[in-house]
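Engineer: Quick one: this structure, given as structure tokens, is what I'll be asking you about.
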Amino acid sequence: MLEVRNISAGYGSFRALFGVSIEVRAGEAVGVIGPNGAGKTTLLRVISKIISPESGQVMMQGQDLRQVAAHRVVEMGIAHVPEHRRLFPRLTVEENLRMGAFHPEARRRFAERLDFVYELFPRMKERRDQLAGTMSGGEQQMCAIGRALMSGPKLLLMDEPSAGLAPVIVQQVFDLVRRIRAEGYTVLIVEQNIQQVLQVVDRAYLLEVGTIKQSGNAADLLASPEIRRAYLGI
Amino acid sequence: MDNRILGGIGIAALAAIPLLGLGNYHLHLLITVLIWGFVYTSWSIMGRFGMVSLGHGAFLGVGAYVTTMLWNGMGLSPWLGIPIAMLVSMAMALLVGYPCFRFRIVGHYFALVTLALGEVVRLTIVGLRDHTGGSLGITVTGVPQGTSFLALQFNDRATFFYVALLVWLAGLALWRIVDRSMLRYALEASSEDEDAAASVGINVTRAKLVILMVSAAMTTLGGALYAQYQMYINPETVSGISISLQIVFAVIAGGLFTQFGPTIGAVFTLLLAETLRVSFGHDIHGLDGTIYGILLVLFIIYMPKGITGSIIAGLSRRRAAPTAPAE
Amino acid sequence: MFDSFLLESIINGLLLGGVLALLALGLNLIFGVIDVVWICYAELVMIGMYAIYWLYVFYGVPLPGAVIAAVLAVALLGVLLHRLVIEPVLGTAPINQLLVTGGVLFFLQAAATLAFGIEFRNLGIRMPLVEFGDMFFSFARILAFITALVGVFLLWLFLTRTYLGTAIRAISQDREIMPLMGVDPRRIYLITSAIGGGMAGMAASLLVLQYDVHPAIGLSFGPITFMVCVMGGLGNMLGGFVAAFIFAQFISVGGYLFQIEWGYVIAFCFFIAMMFIRPKGLFSR
């Protein structure tokens, strides 16, 4: 479904990615794991065209995203749950969800999608008129995921969904990811919480200092001695 | 070192100008450039630190009107009237500046607050029409023989030229002093990042107040000088938005970040105005403003460093080019 | 003793407040969305007034037609202003964005002088006076007040009930992620500029019924509009709305008790005082 080919990217003179290639097949959940500063967020930002790469290309279902304007990426079926959630704090929950369904195709199916999201997150329905900025971190994460789902995506990009949340809530967030998978979405998830994310995804890539160091089945990576030593502290 | 010699030669050359036997018209142009060059320098002394005032007409107006009112009404010599006007301006600057700087009102907010201040001074002048003549303006009462040192009135343009030259040089000197002072570093640091500046012990509020008050006092002197030279003032020419914007325009055109930029701006605007006047005559109202407006927009978009800044950048690029290492 | 003249000027202040609120709202909308202050906002109003005057007096276009044409023309002017002047400097120092509209102020004011001369012009329409007890109110003012409030209400509906309106409110809260929502910020900026311009055109149609138009008319209510916006908190629409009515009272009652200029001066002194008390606006968060 998504093919990232040989991407190099950065900010100004600082380069965060060096020739990164990954692939996500339809129906899969894929993780990109690695330490802080490895370039994981940059990778997702390149895919959804918040930043443009220096070289390399991204293909979504055979379409080269270089020919797609940044604000049309979401119409291609890619929804991005950004790092730190990035809700609109002074809009209500429902208004945030409405923003997720901004493009014409999504607007047409707004009511249907809203029902779906409220069913998935009943808590959001209770809080529909609350300002998003006044909710707890876990609730905000639900809202951010809900907002991304409102666009009716084929592929969901999630950037550190567990960051900054209490351990109990982290568990809930990963349960959510499982449920979203079960709904049939393809997921590309970026995480530092390696132990947890490898239990949710099918495959994963290990990104270190801007290059892919290792890749494979989640179970194999979880068993890999290097990863266990470097990241899981075992 | 050679800069100092060059400066000396420059000043001597300027001082010799009236001896050349120029006509009154050319002396008038020179005096105008010096007075406005000084006013523009006064604005840029704070404007270069990102403190953009759209209300310097307020200080200009206070300078012109307070001095004139004290002379016309009470016979108080401008030698006393000007310092009084400067104190009034500084008090005004303090009153408006303190809350602005204390509460971190910068950029847009600050510009809008000063804009309102300029309007209020203009409206006050108009409102006090019984004393100021309202929007019709007022004539400075002349001394009988035309020249009086005490009244700061000189029949002879050459004398006034020296007065203006002195004031202008003082303005440039002040610019240089600020440029080399700790105040500059404090203000540059705080225009980049106020929190960071405050955290390394810079009293941002005080530094900004000092520069605002210096700028206000200088502008006031410029306004008073203008009144003494023209012998007639009205609220539109010395106060309000138009004049405040003209100051901004001239400085941006000349160059905000160089010592001579504002003066070049004064030369540029004067040449522009004179060319238009000679080509089209007095009758076409608004032509000069139309062109100023378009030029200001073009300058900001294409040449934000102004004439002098762009020349300096061009020269240093040329100088650097041959020695630049190959990539 | 009951002073019916005082009451009359209080009510007149209220009526004036409606128009000021409309003006402040347009400016606040632009600032909130694009993060730019159109210093030349009142000059756009002036152009709108001339447009109505020209169409109505010279070409005999019926007033409603002239008003609609003027609103559209000023909306277009807003779009042009954004495309030609604001967009080239959007990435540069914020102060450039302010100054560049200062250049436009200069230009519009002078160009109007060039085109229309410095004479004061009016539509020559006599609006009736409305008598209430022993107080008299100008019908034009009442009409302006009602229309302004309707305009404000329609804008509120637009901002809260539509996708586009929600996006306009959202963009000031997080600019960078707007494309992730499928929103093209450039398009939002252009639409906002058109709405802001349209509101200036609407204000023009209300003011041209009450005041003579001349090239410097922008200067007579531009500064007060800026003060209203700053006191309400730049970009804060509710704050601007309330501040508009407070300022209008100062101008109207101050003008009644003293002289019109003093009304402005008092309003400004109040403004300075408020800056000490609530420096970030009436409803600062």
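In the structure tokens, each chain is lettered A, B, ... as it comes, each chain's residues begin at 1, and ligands are numbered from 1 in order of appearance.
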Which of range 1-239 of chain C end up as helix (DSSP H, G or I) when DSSP is run on this backbone - answer as a ChimeraX atom specification?
Structural biologist: /C:4-34,41-58,63-89,94-116,139-161,163-171,178-181,185-207,217-232,237-239
Engineer: Write out as a list of chain:residue names every residue belonging to chain A that has an atom at most 7 Å from any atom of chain C, counting only C-alpha atoms.
Structural biologist: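 Within 7 Å of chain C on chain A, we get A:Ala70, A:His71, A:Arg72, A:Val74, A:His80, A:Phe88, A:Met99, A:Gly100, A:Phe102, A:His103.
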Engineer: Please produce a file of those selected residues containing N, CA and C atoms, as a JSON list (two decimals), in the first residue's frame.
Structural biologist:
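Writing done, so here's selection-v4.json:
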[["chain", "number", "residue", "atom", "x", "y", "z"],
["A", 70, "ALA", "N", 0.27, 19.03, -0.48],
["A", 70, "ALA", "CA", 0.30, 18.58, 0.92],
["A", 70, "ALA", "C", -1.10, 18.37, 1.48],
["A", 71, "HIS", "N", -2.01, 19.30, 1.18],
["A", 71, "HIS", "CA", -3.33, 19.19, 1.79],
["A", 71, "HIS", "C", -4.21, 18.15, 1.11],
["A", 72, "ARG", "N", -3.68, 17.51, 0.04],
["A", 72, "ARG", "CA", -4.47, 16.46, -0.62],
["A", 72, "ARG", "C", -4.01, 15.06, -0.21],
["A", 74, "VAL", "N", -4.30, 13.70, 2.57],
["A", 74, "VAL", "CA", -5.33, 13.05, 3.37],
["A", 74, "VAL", "C", -6.41, 12.44, 2.48],
["A", 80, "HIS", "N", -2.90, 11.20, 9.67],
["A", 80, "HIS", "CA", -1.71, 11.31, 10.51],
["A", 80, "HIS", "C", -2.14, 11.76, 11.90],
["A", 88, "PHE", "N", -6.84, 20.97, 18.39],
["A", 88, "PHE", "CA", -7.11, 22.41, 18.45],
["A", 88, "PHE", "C", -7.71, 22.69, 19.82],
["A", 99, "MET", "N", -13.06, 18.90, 11.95],
["A", 99, "MET", "CA", -11.87, 19.28, 11.18],
["A", 99, "MET", "C", -11.24, 18.06, 10.51],
["A", 100, "GLY", "N", -11.33, 16.91, 11.19],
["A", 100, "GLY", "CA", -10.78, 15.69, 10.59],
["A", 100, "GLY", "C", -11.51, 15.30, 9.32],
["A", 102, "PHE", "N", -12.63, 17.30, 6.92],
["A", 102, "PHE", "CA", -12.73, 18.54, 6.16],
["A", 102, "PHE", "C", -12.86, 18.30, 4.65],
["A", 103, "HIS", "N", -12.16, 17.30, 4.13],
["A", 103, "HIS", "CA", -12.16, 17.17, 2.66],
["A", 103, "HIS", "C", -13.52, 16.64, 2.16]]
Engineer: Tell me which protein, DNA and RNA residues are within 10 Å of Gly17 in chain C, counting only C-alpha atoms, leaving out same-chain ones fewer than 2 positions away, and put them as a list in words.
Structural biologist: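 Selected residues are Ile11, Asn12, Gly13, Leu14, Leu15, Val19, Leu20, Ala21, Leu22, Leu23, Ala144, Phe145, Ala148, Leu149, Phe241, Val242, Ala243, Ala244, Phe245, Ile246, Phe247, Ala248, Gln249, Ile251 and Ser252 of chain C.
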Engineer: Looking only at the backbone, which of the residues in range 146-213 of chain A does DSSP tag as strand (DSSP E or B), as a PyMOL selection string?
Structural biologist: chain A and resi 155-159+186-191+203-208+211-213
Engineer: Could the residues of chain C within 8 Å of chain B, counting only C-alpha atoms, be given as a VMD selection string, please?
Structural biologist: chain C and resid 37 85 88 to 89 94 to 96 98 to 114 117 219 223 to 224 226 to 227 230 234 259 261 to 262 264 to 265 268 272 275 to 276 279 to 280
Engineer: Would you kindly return, as an NGL selection string, each protein, DNA or RNA residue with an atom no farther than 10 Å from any atom of Ile264 in chain B, considering only C-alpha atoms and excluding same-chain residues fewer than 6 positions away?
Structural biologist: :B and (33 or 37 or 40 or 250-251 or 253-255 or 258 or 270 or 306-308)
Engineer: State, in Å with one decimal place, the distance from CA of Val88 in chain B to CA of Leu136 in chain B.
Structural biologist: 23.5 Å
Engineer: Name all residues at most 10 Å from Leu43 in chain A (count only C-alpha atoms; drop same-chain ones fewer than 2 positions away) and give them as a PDB file with N, CA and C atoms, in the first residue's frame.
Structural biologist:
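Full text of around-v2.pdb as output:
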ATOM      1  N   VAL A   4       7.996   3.615   0.825  1.00  0.00           N
ATOM      2  CA  VAL A   4       8.903   4.740   1.023  1.00  0.00           C
ATOM      3  C   VAL A   4      10.245   4.332   0.455  1.00  0.00           C
ATOM      4  N   ILE A   7      14.467   7.642   1.174  1.00  0.00           N
ATOM      5  CA  ILE A   7      14.197   9.033   1.555  1.00  0.00           C
ATOM      6  C   ILE A   7      15.354   9.611   2.364  1.00  0.00           C
ATOM      7  N   SER A   8      15.805  10.814   1.956  1.00  0.00           N
ATOM      8  CA  SER A   8      16.706  11.603   2.790  1.00  0.00           C
ATOM      9  C   SER A   8      16.006  12.920   3.066  1.00  0.00           C
ATOM     10  N   ALA A   9      16.052  13.341   4.321  1.00  0.00           N
ATOM     11  CA  ALA A   9      15.339  14.575   4.665  1.00  0.00           C
ATOM     12  C   ALA A   9      15.948  15.184   5.907  1.00  0.00           C
ATOM     13  N   GLY A  10      15.633  16.441   6.140  1.00  0.00           N
ATOM     14  CA  GLY A  10      16.148  17.120   7.318  1.00  0.00           C
ATOM     15  C   GLY A  10      15.546  18.500   7.459  1.00  0.00           C
ATOM     16  N   ALA A  16      18.129  14.500   9.105  1.00  0.00           N
ATOM     17  CA  ALA A  16      17.576  13.534  10.051  1.00  0.00           C
ATOM     18  C   ALA A  16      17.436  12.140   9.460  1.00  0.00           C
ATOM     19  N   LEU A  17      17.280  12.036   8.143  1.00  0.00           N
ATOM     20  CA  LEU A  17      17.094  10.729   7.511  1.00  0.00           C
ATOM     21  C   LEU A  17      18.102  10.553   6.375  1.00  0.00           C
ATOM     22  N   VAL A  20      16.225   6.269   3.724  1.00  0.00           N
ATOM     23  CA  VAL A  20      15.372   5.308   4.422  1.00  0.00           C
ATOM     24  C   VAL A  20      14.331   4.727   3.457  1.00  0.00           C
ATOM     25  N   SER A  21      14.181   3.396   3.467  1.00  0.00           N
ATOM     26  CA  SER A  21      13.134   2.743   2.675  1.00  0.00           C
ATOM     27  C   SER A  21      12.331   1.832   3.591  1.00  0.00           C
ATOM     28  N   ILE A  22      11.023   1.963   3.539  1.00  0.00           N
ATOM     29  CA  ILE A  22      10.169   1.028   4.263  1.00  0.00           C
ATOM     30  C   ILE A  22       8.953   0.716   3.400  1.00  0.00           C
ATOM     31  N   VAL A  32       7.735   1.501  13.529  1.00  0.00           N
ATOM     32  CA  VAL A  32       9.087   2.017  13.356  1.00  0.00           C
ATOM     33  C   VAL A  32       9.560   2.361  14.759  1.00  0.00           C
ATOM     34  N   ALA A  38      15.988   9.595  16.469  1.00  0.00           N
ATOM     35  CA  ALA A  38      16.441   8.706  15.401  1.00  0.00           C
ATOM     36  C   ALA A  38      15.914   9.147  14.044  1.00  0.00           C
ATOM     37  N   GLY A  39      14.869   9.988  14.040  1.00  0.00           N
ATOM     38  CA  GLY A  39      14.288  10.447  12.776  1.00  0.00           C
ATOM     39  C   GLY A  39      12.918   9.854  12.518  1.00  0.00           C
ATOM     40  N   LYS A  40      12.321   9.248  13.549  1.00  0.00           N
ATOM     41  CA  LYS A  40      11.031   8.574  13.353  1.00  0.00           C
ATOM     42  C   LYS A  40       9.927   9.576  12.987  1.00  0.00           C
ATOM     43  N   THR A  41       9.875  10.670  13.758  1.00  0.00           N
ATOM     44  CA  THR A  41       8.849  11.676  13.486  1.00  0.00           C
ATOM     45  C   THR A  41       9.065  12.294  12.102  1.00  0.00           C
ATOM     46  N   ARG A  45       6.505  12.741   8.966  1.00  0.00           N
ATOM     47  CA  ARG A  45       6.251  14.074   8.407  1.00  0.00           C
ATOM     48  C   ARG A  45       6.528  14.115   6.909  1.00  0.00           C
ATOM     49  N   VAL A  46       7.508  13.320   6.474  1.00  0.00           N
ATOM     50  CA  VAL A  46       7.764  13.255   5.034  1.00  0.00           C
ATOM     51  C   VAL A  46       6.598  12.559   4.338  1.00  0.00           C
ATOM     52  N   ILE A  47       6.114  11.484   4.953  1.00  0.00           N
ATOM     53  CA  ILE A  47       5.033  10.732   4.307  1.00  0.00           C
ATOM     54  C   ILE A  47       3.794  11.611   4.129  1.00  0.00           C
ATOM     55  N   SER A  48       3.448  12.395   5.160  1.00  0.00           N
ATOM     56  CA  SER A  48       2.237  13.208   5.011  1.00  0.00           C
ATOM     57  C   SER A  48       2.554  14.598   4.477  1.00  0.00           C
ATOM     58  N   LYS A  49       3.791  14.792   4.027  1.00  0.00           N
ATOM     59  CA  LYS A  49       4.199  15.999   3.312  1.00  0.00           C
ATOM     60  C   LYS A  49       4.155  17.278   4.145  1.00  0.00           C
ATOM     61  N   ILE A  51       6.844  18.081   5.666  1.00  0.00           N
ATOM     62  CA  ILE A  51       8.117  18.568   5.128  1.00  0.00           C
ATOM     63  C   ILE A  51       8.404  17.805   3.831  1.00  0.00           C
ATOM     64  N   PRO A  53      11.089  15.924   1.320  1.00  0.00           N
ATOM     65  CA  PRO A  53      12.394  15.259   1.419  1.00  0.00           C
ATOM     66  C   PRO A  53      13.394  15.895   0.473  1.00  0.00           C
ATOM     67  N   ASP A 159       2.069   8.817  15.577  1.00  0.00           N
ATOM     68  CA  ASP A 159       3.374   9.254  16.059  1.00  0.00           C
ATOM     69  C   ASP A 159       3.395   9.257  17.577  1.00  0.00           C
ATOM     70  N   VAL A 190       4.855   4.770  15.076  1.00  0.00           N
ATOM     71  CA  VAL A 190       6.205   5.127  15.480  1.00  0.00           C
ATOM     72  C   VAL A 190       6.229   5.154  16.996  1.00  0.00           C
ATOM     73  N   LEU A 207      14.992   2.094  13.544  1.00  0.00           N
ATOM     74  CA  LEU A 207      15.607   3.287  12.959  1.00  0.00           C
ATOM     75  C   LEU A 207      16.582   3.862  13.970  1.00  0.00           C
ATOM     76  N   GLY A 210      18.877   7.976  11.770  1.00  0.00           N
ATOM     77  CA  GLY A 210      18.464   8.256  10.399  1.00  0.00           C
ATOM     78  C   GLY A 210      18.636   7.125   9.409  1.00  0.00           C
TER      79      GLY A 210
END
Engineer: Considering only C-alpha atoms, state which residue in the set B:Thr147, B:Ser310, B:Thr205, B:Thr269 is at the smallest distance from Thr159 in chain B.
Structural biologist: B:Thr147
Engineer: Find the residue from B:Val66, B:Ile211, B:Ala173, B:Met74 that sits nearest to Leu87 in chain B; use only C-alpha atoms when measuring.
Structural biologist: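 Going through B:Val66, B:Ile211, B:Ala173, B:Met74 one by one, the smallest distance to Leu87 in chain B is for B:Val66.
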Engineer: Write out as an NGL selection string each polymer residue whose atoms come within 8 Å of range 11-23 of chain B, counting only C-alpha atoms; drop sequence neighbours fewer than 2 positions from it.
Structural biologist: :B and (7-9 or 25-27 or 158 or 161-162 or 165)
Engineer: Within 7 Å of Gly32 in chain C, counting only C-alpha atoms, which residues show up once you throw out same-chain ones fewer than 3 positions away? Write them as a PyMOL selection string, please.
Structural biologist: chain C and resi 28-29+35+172+235
Engineer: Take the residues from that selection and put them in a file with N, CA and C atoms, as an mmCIF file, in the first residue's frame.
Structural biologist:
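Result went into again.cif, see below:
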data_model
loop_
_atom_site.group_PDB
_atom_site.id
_atom_site.type_symbol
_atom_site.label_atom_id
_atom_site.label_comp_id
_atom_site.auth_asym_id
_atom_site.auth_seq_id
_atom_site.Cartn_x
_atom_site.Cartn_y
_atom_site.Cartn_z
ATOM 1 N N ASN C 28 -9.853 41.888 13.538
ATOM 2 C CA ASN C 28 -9.500 40.772 14.411
ATOM 3 C C ASN C 28 -9.489 39.453 13.670
ATOM 4 N N LEU C 29 -10.414 39.304 12.762
ATOM 5 C CA LEU C 29 -10.492 38.069 11.986
ATOM 6 C C LEU C 29 -9.196 37.897 11.179
ATOM 7 N N ASP C 35 -2.350 36.417 11.123
ATOM 8 C CA ASP C 35 -1.334 36.948 12.014
ATOM 9 C C ASP C 35 -0.708 38.220 11.449
ATOM 10 N N SER C 172 -5.613 29.490 13.648
ATOM 11 C CA SER C 172 -4.813 30.308 14.552
ATOM 12 C C SER C 172 -4.318 29.475 15.736
ATOM 13 N N GLY C 235 -7.080 39.668 17.896
ATOM 14 C CA GLY C 235 -7.501 38.337 17.475
ATOM 15 C C GLY C 235 -8.636 37.779 18.311
#
Engineer: CA of Asp134 in chain C to CA of Tyr256 in chain C: how many Å, to one decimal?
Structural biologist: 16.5 Å
Engineer: Nearest to Gly62 in chain A among A:Ile78, A:Met1, A:Val24, A:Ile189, with distances taken over only C-alpha atoms: which residue is it?
Structural biologist: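 Once distances to Gly62 in chain A are computed over only C-alpha atoms, the minimum belongs to A:Met1.
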Engineer: Take CA of Gly91 in chain C and CA of Tyr189 in chain C and report the distance between them in Å, one decimal.
Structural biologist: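 Taking CA of Gly91 in chain C as the start and CA of Tyr189 in chain C as the end point, the length is 14.1 Å.
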